[in-house]
$ cat my_file.csv   # CSV, C-alpha atoms
chain,number,residue,atom,x,y,z
A,999,MET,CA,0.0,0.0,0.0
A,1000,ARG,CA,1.1,3.6,-0.6
A,1001,VAL,CA,3.1,5.2,2.2
A,1002,ASP,CA,1.6,8.6,1.7
A,1003,ILE,CA,-1.8,7.4,3.1
A,1004,PHE,CA,-0.1,7.3,6.5
A,1005,ASP,CA,0.9,11.0,6.4
A,1006,PHE,CA,-0.5,13.8,8.6
A,1007,GLU,CA,0.4,17.3,9.5
A,1008,LEU,CA,1.9,17.8,13.0
A,1009,PRO,CA,2.5,21.3,14.3
A,1010,THR,CA,6.0,21.7,15.7
A,1011,GLU,CA,4.7,22.9,19.0
A,1012,ASN,CA,3.2,19.4,19.6
A,1013,ILE,CA,6.7,17.8,19.7
A,1014,ALA,CA,7.9,17.2,23.3
A,1015,LEU,CA,11.5,18.2,24.0
A,1016,ARG,CA,11.5,17.1,27.7
A,1017,PRO,CA,9.4,14.5,29.5
A,1018,THR,CA,6.6,15.4,31.9
A,1019,LYS,CA,7.5,15.4,35.6
A,1020,PRO,CA,6.5,13.2,37.4
A,1021,ARG,CA,6.5,10.7,34.7
A,1022,ASP,CA,3.1,9.3,35.4
A,1023,SER,CA,1.5,12.8,35.1
A,1024,ALA,CA,1.7,12.6,31.3
A,1025,ARG,CA,-1.6,12.6,29.4
A,1026,LEU,CA,-3.1,9.3,28.3
A,1027,LEU,CA,-5.6,9.1,25.5
A,1028,SER,CA,-7.8,6.0,26.0
A,1029,VAL,CA,-9.1,4.5,22.7
A,1030,ASP,CA,-11.2,1.5,22.0
A,1031,ALA,CA,-12.6,0.2,18.7
A,1032,GLU,CA,-15.6,2.4,18.4
A,1033,GLY,CA,-16.4,4.5,21.5
A,1034,PRO,CA,-15.5,8.1,22.3
A,1035,PHE,CA,-12.0,9.0,23.2
A,1036,ARG,CA,-11.2,9.6,26.8
A,1037,ASP,CA,-8.7,12.3,27.9
A,1038,LEU,CA,-6.9,11.0,31.0
A,1039,ILE,CA,-3.5,10.9,32.6
A,1040,VAL,CA,-1.1,7.9,32.9
A,1041,SER,CA,-1.8,7.5,36.6
A,1042,ASP,CA,-5.4,6.6,35.6
A,1043,LEU,CA,-4.1,3.4,33.9
A,1044,PRO,CA,-5.1,1.0,36.7
A,1045,SER,CA,-8.8,1.9,36.3
A,1046,LEU,CA,-8.6,1.0,32.6
A,1047,LEU,CA,-7.3,-2.5,33.1
A,1048,ASN,CA,-8.9,-5.6,34.6
A,1049,PRO,CA,-7.5,-7.8,37.4
A,1050,GLY,CA,-5.6,-10.6,35.7
A,1051,ASP,CA,-4.5,-8.5,32.7
A,1052,VAL,CA,-0.7,-8.3,32.1
A,1053,LEU,CA,1.5,-5.5,31.0
A,1054,VAL,CA,4.6,-6.5,29.1
A,1055,PHE,CA,7.6,-4.2,29.3
A,1056,ASN,CA,10.9,-4.1,27.5
A,1057,ASP,CA,13.9,-4.2,29.9
A,1058,THR,CA,16.5,-3.0,27.4
A,1059,ARG,CA,18.9,-0.3,28.5
A,1060,VAL,CA,19.9,2.6,26.3
A,1061,ILE,CA,23.6,3.0,25.8
A,1062,PRO,CA,25.4,6.3,24.9
A,1063,ALA,CA,25.6,5.1,21.3
A,1064,GLN,CA,26.3,8.4,19.5
A,1065,LEU,CA,29.9,9.2,18.8
A,1066,ASP,CA,31.6,12.2,17.2
A,1067,GLY,CA,35.2,11.9,15.9
A,1068,MET,CA,37.8,12.6,13.3
A,1069,ARG,CA,39.2,10.6,10.5
A,1070,GLY,CA,42.3,12.7,9.7
A,1071,ASP,CA,40.8,16.2,9.0
A,1072,ALA,CA,37.3,14.9,8.3
A,1073,ARG,CA,34.5,15.0,11.0
A,1074,ILE,CA,32.7,11.7,11.3
A,1075,GLY,CA,29.6,11.0,13.3
A,1076,ALA,CA,28.5,7.5,14.2
A,1077,THR,CA,25.3,6.1,15.7
A,1078,LEU,CA,25.7,2.5,16.8
A,1079,HIS,CA,22.8,0.4,15.6
A,1080,LYS,CA,23.3,-3.3,16.3
A,1081,ARG,CA,25.9,-5.4,18.1
A,1082,ILE,CA,27.7,-7.9,15.8
A,1083,ASP,CA,30.1,-9.4,18.4
A,1084,LEU,CA,32.0,-8.3,21.5
A,1085,ARG,CA,34.1,-5.7,19.7
A,1086,ARG,CA,32.0,-4.9,16.5
A,1087,TRP,CA,28.9,-2.8,16.0
A,1088,GLN,CA,27.0,-1.9,12.9
A,1089,ALA,CA,26.6,1.9,12.8
A,1090,PHE,CA,25.0,4.6,10.7
A,1091,VAL,CA,27.7,7.1,9.8
A,1092,ARG,CA,27.5,10.8,9.1
A,1093,ASN,CA,29.9,12.1,6.5
A,1094,ALA,CA,30.4,8.5,5.4
A,1095,LYS,CA,31.7,9.6,1.9
A,1096,ARG,CA,34.9,10.5,3.7
A,1097,LEU,CA,35.3,7.0,5.0
A,1098,ARG,CA,37.2,4.0,3.4
A,1099,ASP,CA,37.8,0.4,4.5
A,1100,GLY,CA,40.5,0.3,7.2
A,1101,ASP,CA,40.2,4.0,8.2
A,1102,VAL,CA,40.5,4.7,11.9
A,1103,ILE,CA,38.1,7.2,13.5
A,1104,GLU,CA,39.3,8.9,16.7
A,1105,PHE,CA,36.4,9.6,19.0
A,1106,GLY,CA,38.4,11.2,21.9
A,1107,ALA,CA,38.8,10.0,25.5
A,1108,GLY,CA,41.1,7.2,24.3
A,1109,VAL,CA,38.4,5.7,22.1
A,1110,SER,CA,38.8,4.8,18.5
A,1111,ALA,CA,37.3,2.5,15.9
A,1112,GLN,CA,38.3,1.0,12.6
A,1113,ALA,CA,35.9,1.1,9.7
A,1114,GLU,CA,35.8,-2.5,8.5
A,1115,THR,CA,32.9,-3.1,6.1
A,1116,ARG,CA,30.4,-0.9,4.3
A,1117,HIS,CA,26.9,-2.5,4.0
A,1118,ALA,CA,24.4,-2.2,1.2
A,1119,ASP,CA,22.2,0.2,3.3
A,1120,GLY,CA,25.1,2.6,3.8
A,1121,SER,CA,25.9,1.6,7.3
A,1122,TRP,CA,29.4,0.4,8.4
A,1123,THR,CA,30.8,-2.3,10.7
A,1124,LEU,CA,33.0,-0.5,13.3
A,1125,PHE,CA,35.7,-2.5,15.2
A,1126,PHE,CA,36.7,-1.1,18.6
A,1127,PRO,CA,40.2,-2.4,19.5
A,1128,GLY,CA,41.4,-2.9,23.1
A,1129,GLU,CA,40.6,-4.8,26.2
A,1130,GLU,CA,37.9,-2.7,27.7
A,1131,PRO,CA,34.2,-3.6,26.9
A,1132,VAL,CA,32.7,-1.4,24.3
A,1133,GLU,CA,30.1,-0.3,26.7
A,1134,VAL,CA,32.8,1.1,29.0
A,1135,LEU,CA,34.3,3.0,26.0
A,1136,LEU,CA,30.9,4.4,25.2
A,1137,GLU,CA,30.4,5.7,28.7
A,1138,ARG,CA,33.6,7.7,28.2
A,1139,ALA,CA,33.1,9.0,24.7
A,1140,GLY,CA,29.4,8.6,23.7
A,1141,ARG,CA,26.3,10.6,24.0
A,1142,MET,CA,22.7,9.5,24.6
A,1143,PRO,CA,21.2,8.9,21.1
A,1144,LEU,CA,18.2,11.2,21.2
A,1145,PRO,CA,15.9,11.1,18.2
A,1146,PRO,CA,16.7,13.6,15.5
A,1147,TYR,CA,13.4,15.5,16.1
A,1148,ILE,CA,14.7,16.3,19.6
A,1149,ALA,CA,18.5,16.5,19.0
A,1150,GLY,CA,17.8,18.9,16.1
A,1151,LYS,CA,16.2,21.4,18.5
A,1152,ARG,CA,18.4,21.3,21.5
A,1153,PRO,CA,21.7,19.7,22.6
A,1154,THR,CA,21.8,16.4,24.5
A,1155,ASP,CA,22.7,17.0,28.1
A,1156,GLU,CA,23.3,15.1,31.4
A,1157,GLN,CA,19.6,15.1,32.3
A,1158,ASP,CA,18.9,12.9,29.2
A,1159,ARG,CA,21.0,10.1,30.7
A,1160,SER,CA,18.2,9.5,33.2
A,1161,ASP,CA,15.3,11.0,31.3
A,1162,TYR,CA,15.8,8.7,28.3
A,1163,GLN,CA,15.9,5.5,30.4
A,1164,THR,CA,12.9,3.6,31.7
A,1165,MET,CA,12.7,2.3,35.2
A,1166,PHE,CA,12.9,-1.2,33.8
A,1167,ALA,CA,16.2,-0.7,32.0
A,1168,ALA,CA,18.5,-3.6,32.9
A,1169,LYS,CA,20.2,-5.0,29.9
A,1170,ASP,CA,22.6,-2.9,27.8
A,1171,GLY,CA,22.1,-2.7,24.1
A,1172,ALA,CA,19.4,-0.3,22.9
A,1173,VAL,CA,20.2,2.8,21.0
A,1174,ALA,CA,16.6,4.1,21.3
A,1175,ALA,CA,14.4,4.0,24.4
A,1176,PRO,CA,11.2,1.9,24.6
A,1177,THR,CA,9.5,5.2,25.2
A,1178,ALA,CA,6.0,4.0,26.3
A,1179,ALA,CA,7.6,2.7,29.5
A,1180,LEU,CA,9.1,6.1,30.3
A,1181,HIS,CA,5.8,7.0,31.9
A,1182,PHE,CA,6.0,4.4,34.6
A,1183,THR,CA,6.9,5.1,38.3
A,1184,PRO,CA,7.2,2.8,41.3
A,1185,GLU,CA,4.0,4.4,42.6
A,1186,LEU,CA,2.1,3.5,39.4
A,1187,LEU,CA,3.4,-0.1,39.6
A,1188,GLU,CA,2.1,-0.3,43.1
A,1189,ALA,CA,-1.3,0.9,42.0
A,1190,LEU,CA,-1.4,-1.6,39.2
A,1191,ALA,CA,-0.4,-4.4,41.5
A,1192,ALA,CA,-3.2,-3.4,43.9
A,1193,ARG,CA,-5.6,-3.6,41.0
A,1194,GLY,CA,-4.5,-7.1,40.3
A,1195,VAL,CA,-2.6,-6.3,37.1
A,1196,LYS,CA,0.4,-8.4,36.4
A,1197,THR,CA,3.7,-7.4,34.8
A,1198,GLU,CA,6.2,-9.2,32.7
A,1199,THR,CA,9.4,-8.2,30.9
A,1200,LEU,CA,11.2,-9.2,27.7
A,1201,THR,CA,14.2,-7.7,25.9
A,1202,LEU,CA,14.4,-6.1,22.5
A,1203,HIS,CA,17.5,-4.0,21.9
A,1204,VAL,CA,16.0,-1.2,19.8
A,1205,GLY,CA,18.2,-0.1,16.9
A,1206,ALA,CA,18.8,3.2,15.2
A,1207,GLY,CA,16.7,2.0,12.3
A,1208,THR,CA,13.7,3.1,14.3
A,1209,PHE,CA,14.6,6.7,13.5
A,1210,LEU,CA,14.9,6.2,9.8
A,1211,PRO,CA,12.1,7.5,7.6
A,1212,VAL,CA,10.3,5.2,5.2
A,1213,LYS,CA,11.8,6.4,1.8
A,1214,ALA,CA,9.9,3.9,-0.4
A,1215,ASP,CA,6.6,5.0,-2.0
A,1216,ASP,CA,5.0,1.6,-1.3
A,1217,THR,CA,5.2,-0.4,1.9
A,1218,ASP,CA,6.1,-3.5,-0.1
A,1219,ASP,CA,9.4,-1.8,-1.0
A,1220,HIS,CA,10.5,-0.9,2.6
A,1221,ALA,CA,13.1,-3.1,4.3
A,1222,MET,CA,13.0,-3.1,8.1
A,1223,HIS,CA,16.3,-3.2,10.0
A,1224,ALA,CA,16.7,-6.3,12.2
A,1225,GLU,CA,16.8,-6.0,16.0
A,1226,CYS,CA,17.9,-8.6,18.6
A,1227,GLY,CA,15.4,-9.8,21.2
A,1228,THR,CA,14.8,-12.5,23.8
A,1229,ILE,CA,11.7,-14.0,25.5
A,1230,ASP,CA,12.4,-16.9,27.9
A,1231,ALA,CA,10.3,-20.0,28.1
A,1232,ALA,CA,8.9,-19.2,31.6
A,1233,THR,CA,7.7,-15.8,30.5
A,1234,ALA,CA,6.1,-17.2,27.4
A,1235,ASP,CA,4.3,-19.8,29.5
A,1236,ARG,CA,2.9,-17.2,31.9
A,1237,LEU,CA,1.7,-15.0,29.1
A,1238,ASN,CA,-0.1,-18.0,27.5
A,1239,ALA,CA,-1.7,-18.8,30.8
A,1240,VAL,CA,-3.0,-15.2,31.1
A,1241,ARG,CA,-4.8,-15.5,27.7
A,1242,ALA,CA,-6.0,-19.0,28.5
A,1243,GLY,CA,-7.6,-17.6,31.6
A,1244,GLY,CA,-9.5,-15.0,29.6
A,1245,ASN,CA,-7.4,-12.0,30.5
A,1246,ARG,CA,-5.5,-9.7,28.2
A,1247,VAL,CA,-1.9,-9.3,27.2
A,1248,ILE,CA,-1.1,-5.6,26.7
A,1249,ALA,CA,2.2,-4.6,25.2
A,1250,VAL,CA,3.8,-1.5,26.7
A,1251,GLY,CA,5.4,0.0,23.6
A,1252,THR,CA,5.7,-1.1,20.0
A,1253,THR,CA,9.0,-2.8,20.8
A,1254,SER,CA,7.4,-5.2,23.2
A,1255,LEU,CA,4.6,-5.8,20.7
A,1256,ARG,CA,6.9,-6.6,17.8
A,1257,LEU,CA,8.9,-9.1,19.8
A,1258,LEU,CA,5.7,-10.8,21.1
A,1259,GLU,CA,4.3,-11.0,17.6
A,1260,SER,CA,7.6,-12.4,16.3
A,1261,ALA,CA,7.5,-15.1,19.0
A,1262,THR,CA,4.0,-16.2,18.3
A,1263,GLY,CA,2.8,-18.8,15.8
A,1264,GLU,CA,-0.4,-19.0,13.8
A,1265,ASP,CA,-1.8,-21.1,16.7
A,1266,ARG,CA,-1.5,-17.9,18.8
A,1267,VAL,CA,0.9,-19.6,21.2
A,1268,ILE,CA,3.8,-17.5,22.4
A,1269,ARG,CA,7.1,-19.3,22.5
A,1270,ALA,CA,10.6,-18.7,23.8
A,1271,PHE,CA,12.5,-16.5,21.3
A,1272,GLU,CA,16.1,-15.5,21.0
A,1273,GLY,CA,17.5,-13.9,17.8
A,1274,ASP,CA,16.8,-11.2,15.3
A,1275,THR,CA,13.4,-9.9,14.2
A,1276,SER,CA,12.6,-7.5,11.3
A,1277,ILE,CA,8.8,-7.9,11.6
A,1278,PHE,CA,7.0,-5.1,9.7
A,1279,ILE,CA,3.3,-4.7,10.7
A,1280,THR,CA,1.0,-2.9,8.4
A,1281,PRO,CA,-2.8,-2.9,8.0
A,1282,GLY,CA,-4.1,-6.3,7.1
A,1283,TYR,CA,-1.8,-8.0,9.6
A,1284,THR,CA,-3.6,-10.5,12.0
A,1285,PHE,CA,-2.4,-10.0,15.6
A,1286,ARG,CA,-1.6,-13.2,17.4
A,1287,ALA,CA,0.0,-12.3,20.8
A,1288,ILE,CA,-1.5,-9.1,22.1
A,1289,ASP,CA,-4.9,-7.7,23.1
A,1290,GLY,CA,-3.9,-4.1,23.4
A,1291,LEU,CA,-1.1,-1.6,23.3
A,1292,MET,CA,0.1,1.4,25.3
A,1293,THR,CA,2.2,3.6,23.1
A,1294,ASN,CA,3.3,7.2,22.5
A,1295,PHE,CA,2.3,9.2,19.4
A,1296,HIS,CA,4.4,8.5,16.3
A,1297,LEU,CA,5.8,10.2,13.3
A,1298,PRO,CA,3.9,10.7,10.0
A,1299,LYS,CA,4.6,7.9,7.5
A,1300,SER,CA,6.5,5.9,10.0
A,1301,THR,CA,6.5,2.2,10.4
A,1302,LEU,CA,5.1,2.7,13.9
A,1303,PHE,CA,2.1,4.7,12.7
A,1304,MET,CA,1.5,1.9,10.2
A,1305,LEU,CA,1.6,-0.6,13.1
A,1306,VAL,CA,-1.0,1.3,15.2
A,1307,SER,CA,-3.1,1.6,12.1
A,1308,ALA,CA,-2.9,-2.1,11.6
A,1309,LEU,CA,-4.1,-2.6,15.2
A,1310,MET,CA,-7.0,-0.1,15.3
A,1311,GLY,CA,-7.7,0.7,11.6
A,1312,LEU,CA,-6.3,3.6,9.6
A,1313,GLU,CA,-9.4,5.8,9.8
A,1314,ARG,CA,-9.7,5.3,13.5
A,1315,MET,CA,-6.0,6.2,14.0
A,1316,GLN,CA,-6.3,9.3,11.8
A,1317,ALA,CA,-9.2,10.4,14.0
A,1318,VAL,CA,-7.2,9.6,17.1
A,1319,TYR,CA,-4.2,11.7,15.9
A,1320,ALA,CA,-6.5,14.6,14.8
A,1321,HIS,CA,-8.0,14.6,18.3
A,1322,ALA,CA,-4.6,14.5,20.0
A,1323,ILE,CA,-3.2,17.3,17.9
A,1324,ALA,CA,-6.3,19.5,18.5
A,1325,GLN,CA,-6.2,18.8,22.2
A,1326,GLY,CA,-2.5,19.7,22.5
A,1327,TYR,CA,-1.1,16.2,23.3
A,1328,ARG,CA,2.7,16.1,23.2
A,1329,PHE,CA,4.2,13.8,20.5
A,1330,TYR,CA,7.1,11.4,20.1
A,1331,SER,CA,9.7,10.0,22.5
A,1332,TYR,CA,9.2,12.5,25.4
A,1333,GLY,CA,5.6,13.0,24.7
A,1334,ASP,CA,2.2,11.7,26.0
A,1335,SER,CA,0.8,8.3,25.7
A,1336,SER,CA,-2.2,6.4,24.4
A,1337,LEU,CA,-3.9,3.1,25.4
A,1338,LEU,CA,-5.2,1.3,22.3
A,1339,LEU,CA,-7.7,-1.5,23.0
A,1340,PRO,CA,-9.1,-2.9,19.7
$ encode --input "my_file.csv" --output "structure tokens"
Amino acid sequence: MRVDIFDFELPTENIALRPTKPRDSARLLSVDAEGPFRDLIVSDLPSLLNPGDVLVFNDTRVIPAQLDGMRGDARIGATLHKRIDLRRWQAFVRNAKRLRDGDVIEFGAGVSAQAETRHADGSWTLFFPGEEPVEVLLERAGRMPLPPYIAGKRPTDEQDRSDYQTMFAAKDGAVAAPTAALHFTPELLEALAARGVKTETLTLHVGAGTFLPVKADDTDDHAMHAECGTIDAATADRLNAVRAGGNRVIAVGTTSLRLLESATGEDRVIRAFEGDTSIFITPGYTFRAIDGLMTNFHLPKSTLFMLVSALMGLERMQAVYAHAIAQGYRFYSYGDSSLLLP
């Protein structure tokens, strides 16, 4: 289908540059299949869920994956995208035309990388020499990888190191936050538990490909970048038991949703999963694993707006976004949230 049917106009003043404080005071737009929209706040979430429902969070941790350096007299920027092995990462490179196989980029603070291989999509494999773990090197020389729509309007600062990390962050590897979970606080989790709502975690290391625009005119011509994820067998069994008991599995964020759908067969059974997924969900897709989604508001013509349109219907989501814009909801990573229950 044509990508331009997923376009919409978003006023720049609706783009959030900082998160709401406290986190669970952000606005929450509650949407079901047909009824009127409800303008709430995130701390109202327990009242929207049933005892026995389960929220599924992504426990990936964002690493300082943006690097600025020099190759000779050329400025080179790199955003790490996906781990290849202990010392190699695939990266999107700024000013890549100045880079050749074997070139060494000096990132400062004693951190350097060798450009090893250029890939068909224009990204590079970067090799980080030395004994220290790459994550340690990044803590010295890297910056938090804020999305371009934020980084283009203000510099990244120390506050972003905590703001752009969820309370569930435990496993290093993401270069973008699972932003729906940014709204959660210990107090909200206590209220959910008191309501009888369960929680589970999985891991999907979000890649920089999530920031890339869809350049194709037709969705059939768009290639998703692969991301690495894990669901253990015990978690899968508990989620299957929730659904077997008549309760709902609700993904917190499109990252959790995509991994759950990748791990679920046509029999609607969620299984243990470990490896890469490049699942691309567009209208016409039949959801197998989830019964709802909590998610922020996404970019025009993005794969994530296509995903929510697949869940709720394109016309319904166009109406949702028109309402959100008119009511001054804050969009994107640091913005407000929605609860979508088809």
$ closest_atom_pairs --input "my_file.csv" --of "stretch 1008-1092 of chain A" --to "stretch 1106-1116 of chain A" --cutoff "9 Å" --atoms "all atoms listed in the file" --output "tab-separated table"
residue	atom	partner	partner_atom	distance
A:Asp1066	CA	A:Gly1106	CA	8.3
A:Gly1067	CA	A:Gly1106	CA	6.8
A:Met1068	CA	A:Gly1106	CA	8.7
$ residues_around --input "my_file.csv" --residues "stretch 1292-1304 of chain A" --least-positions-apart "4" --cutoff "6 Å" --atoms "only C-alpha atoms" --output "list of chain:residue names"
A:Phe1004, A:Asp1005, A:Phe1006, A:Ala1178, A:Val1250, A:Gly1251, A:Thr1280, A:Phe1329, A:Tyr1330, A:Asp1334, A:Ser1335, A:Ser1336, A:Leu1337
$ closest_atom_pairs --input "my_file.csv" --of "stretch 1020-1079 of chain A" --to "stretch 1133-1150 of chain A" --cutoff "12 Å" --atoms "only C-alpha atoms" --output "JSON lines"
{"residue": "A:Arg1059", "atom": "CA", "partner": "A:Met1142", "partner_atom": "CA", "distance": 11.2}
{"residue": "A:Val1060", "atom": "CA", "partner": "A:Met1142", "partner_atom": "CA", "distance": 7.6}
{"residue": "A:Ile1061", "atom": "CA", "partner": "A:Met1142", "partner_atom": "CA", "distance": 6.7}
{"residue": "A:Pro1062", "atom": "CA", "partner": "A:Met1142", "partner_atom": "CA", "distance": 4.2}
{"residue": "A:Ala1063", "atom": "CA", "partner": "A:Gly1140", "partner_atom": "CA", "distance": 5.7}
{"residue": "A:Gln1064", "atom": "CA", "partner": "A:Arg1141", "partner_atom": "CA", "distance": 5.0}
{"residue": "A:Leu1065", "atom": "CA", "partner": "A:Gly1140", "partner_atom": "CA", "distance": 5.0}
{"residue": "A:Asp1066", "atom": "CA", "partner": "A:Gly1140", "partner_atom": "CA", "distance": 7.7}
{"residue": "A:Gly1067", "atom": "CA", "partner": "A:Ala1139", "partner_atom": "CA", "distance": 9.5}
{"residue": "A:Gly1075", "atom": "CA", "partner": "A:Gly1140", "partner_atom": "CA", "distance": 10.7}
{"residue": "A:Ala1076", "atom": "CA", "partner": "A:Gly1140", "partner_atom": "CA", "distance": 9.6}
{"residue": "A:Thr1077", "atom": "CA", "partner": "A:Pro1143", "partner_atom": "CA", "distance": 7.3}
{"residue": "A:Leu1078", "atom": "CA", "partner": "A:Pro1143", "partner_atom": "CA", "distance": 8.9}
{"residue": "A:His1079", "atom": "CA", "partner": "A:Pro1143", "partner_atom": "CA", "distance": 10.2}
$ closest_residue --input "my_file.csv" --among "A:Asp1216, A:Glu1130, A:Asp1071, A:Asp1002" --to "A:Leu1084" --atoms "all atoms listed in the file"
A:Glu1130
$ residues_around --input "my_file.csv" --residues "A:Asp1083" --least-positions-apart "2" --cutoff "12 Å" --atoms "all atoms listed in the file" --output "JSON, numbers by chain"
{"A": [1080, 1081, 1085, 1086, 1087, 1088, 1123, 1124, 1125, 1126, 1131, 1132, 1171]}
$ closest_atom_pairs --input "my_file.csv" --of "stretch 1015-1121 of chain A" --to "stretch 1184-1197 of chain A" --cutoff "8 Å" --atoms "all atoms listed in the file" --output "JSON lines"
{"residue": "A:Asp1022", "atom": "CA", "partner": "A:Leu1186", "partner_atom": "CA", "distance": 7.1}
{"residue": "A:Ser1041", "atom": "CA", "partner": "A:Leu1186", "partner_atom": "CA", "distance": 6.2}
{"residue": "A:Leu1043", "atom": "CA", "partner": "A:Leu1190", "partner_atom": "CA", "distance": 7.8}
{"residue": "A:Pro1044", "atom": "CA", "partner": "A:Leu1190", "partner_atom": "CA", "distance": 5.2}
{"residue": "A:Ser1045", "atom": "CA", "partner": "A:Arg1193", "partner_atom": "CA", "distance": 7.9}
{"residue": "A:Leu1047", "atom": "CA", "partner": "A:Val1195", "partner_atom": "CA", "distance": 7.2}
{"residue": "A:Asn1048", "atom": "CA", "partner": "A:Val1195", "partner_atom": "CA", "distance": 6.8}
{"residue": "A:Pro1049", "atom": "CA", "partner": "A:Gly1194", "partner_atom": "CA", "distance": 4.2}
{"residue": "A:Gly1050", "atom": "CA", "partner": "A:Val1195", "partner_atom": "CA", "distance": 5.4}
{"residue": "A:Asp1051", "atom": "CA", "partner": "A:Val1195", "partner_atom": "CA", "distance": 5.3}
{"residue": "A:Val1052", "atom": "CA", "partner": "A:Lys1196", "partner_atom": "CA", "distance": 4.4}
{"residue": "A:Leu1053", "atom": "CA", "partner": "A:Thr1197", "partner_atom": "CA", "distance": 4.8}
{"residue": "A:Val1054", "atom": "CA", "partner": "A:Thr1197", "partner_atom": "CA", "distance": 5.8}
{"residue": "A:Phe1055", "atom": "CA", "partner": "A:Thr1197", "partner_atom": "CA", "distance": 7.5}
$ atom_distance --input "my_file.csv" --atom1 "atom CA of A:Asp1042" --atom2 "atom CA of A:Glu1198"
19.8 Å
$ atom_distance --input "my_file.csv" --atom1 "atom CA of A:Arg1000" --atom2 "atom CA of A:Gly1263"
27.8 Å
$ atom_distance --input "my_file.csv" --atom1 "atom CA of A:Thr1201" --atom2 "atom CA of A:Leu1257"
8.2 Å
$ closest_residue --input "my_file.csv" --among "A:Ser1276, A:Ile1288, A:Glu1225, A:Asp1030" --to "A:Val1240" --atoms "all atoms listed in the file"
A:Ile1288
$ residues_near_point --input "my_file.csv" --point "(33.4, 8.2, 3.7)" --cutoff "12 Å" --atoms "only C-alpha atoms" --output "list of chain:residue names"
A:Met1068, A:Arg1069, A:Gly1070, A:Ala1072, A:Arg1073, A:Ile1074, A:Gly1075, A:Ala1076, A:Phe1090, A:Val1091, A:Arg1092, A:Asn1093, A:Ala1094, A:Lys1095, A:Arg1096, A:Leu1097, A:Arg1098, A:Asp1099, A:Gly1100, A:Asp1101, A:Val1102, A:Ile1103, A:Ala1113, A:Glu1114, A:Thr1115, A:Arg1116, A:Gly1120, A:Ser1121, A:Trp1122
$ closest_residue --input "my_file.csv" --among "A:Gly1243, A:Gly1227, A:Pro1211, A:Gly1326" --to "A:Arg1025" --atoms "all atoms listed in the file"
A:Gly1326
$ closest_residue --input "my_file.csv" --among "A:Arg1021, A:Ser1307, A:Ala1224, A:Asn1056" --to "A:Ser1160" --atoms "all atoms listed in the file"
A:Arg1021
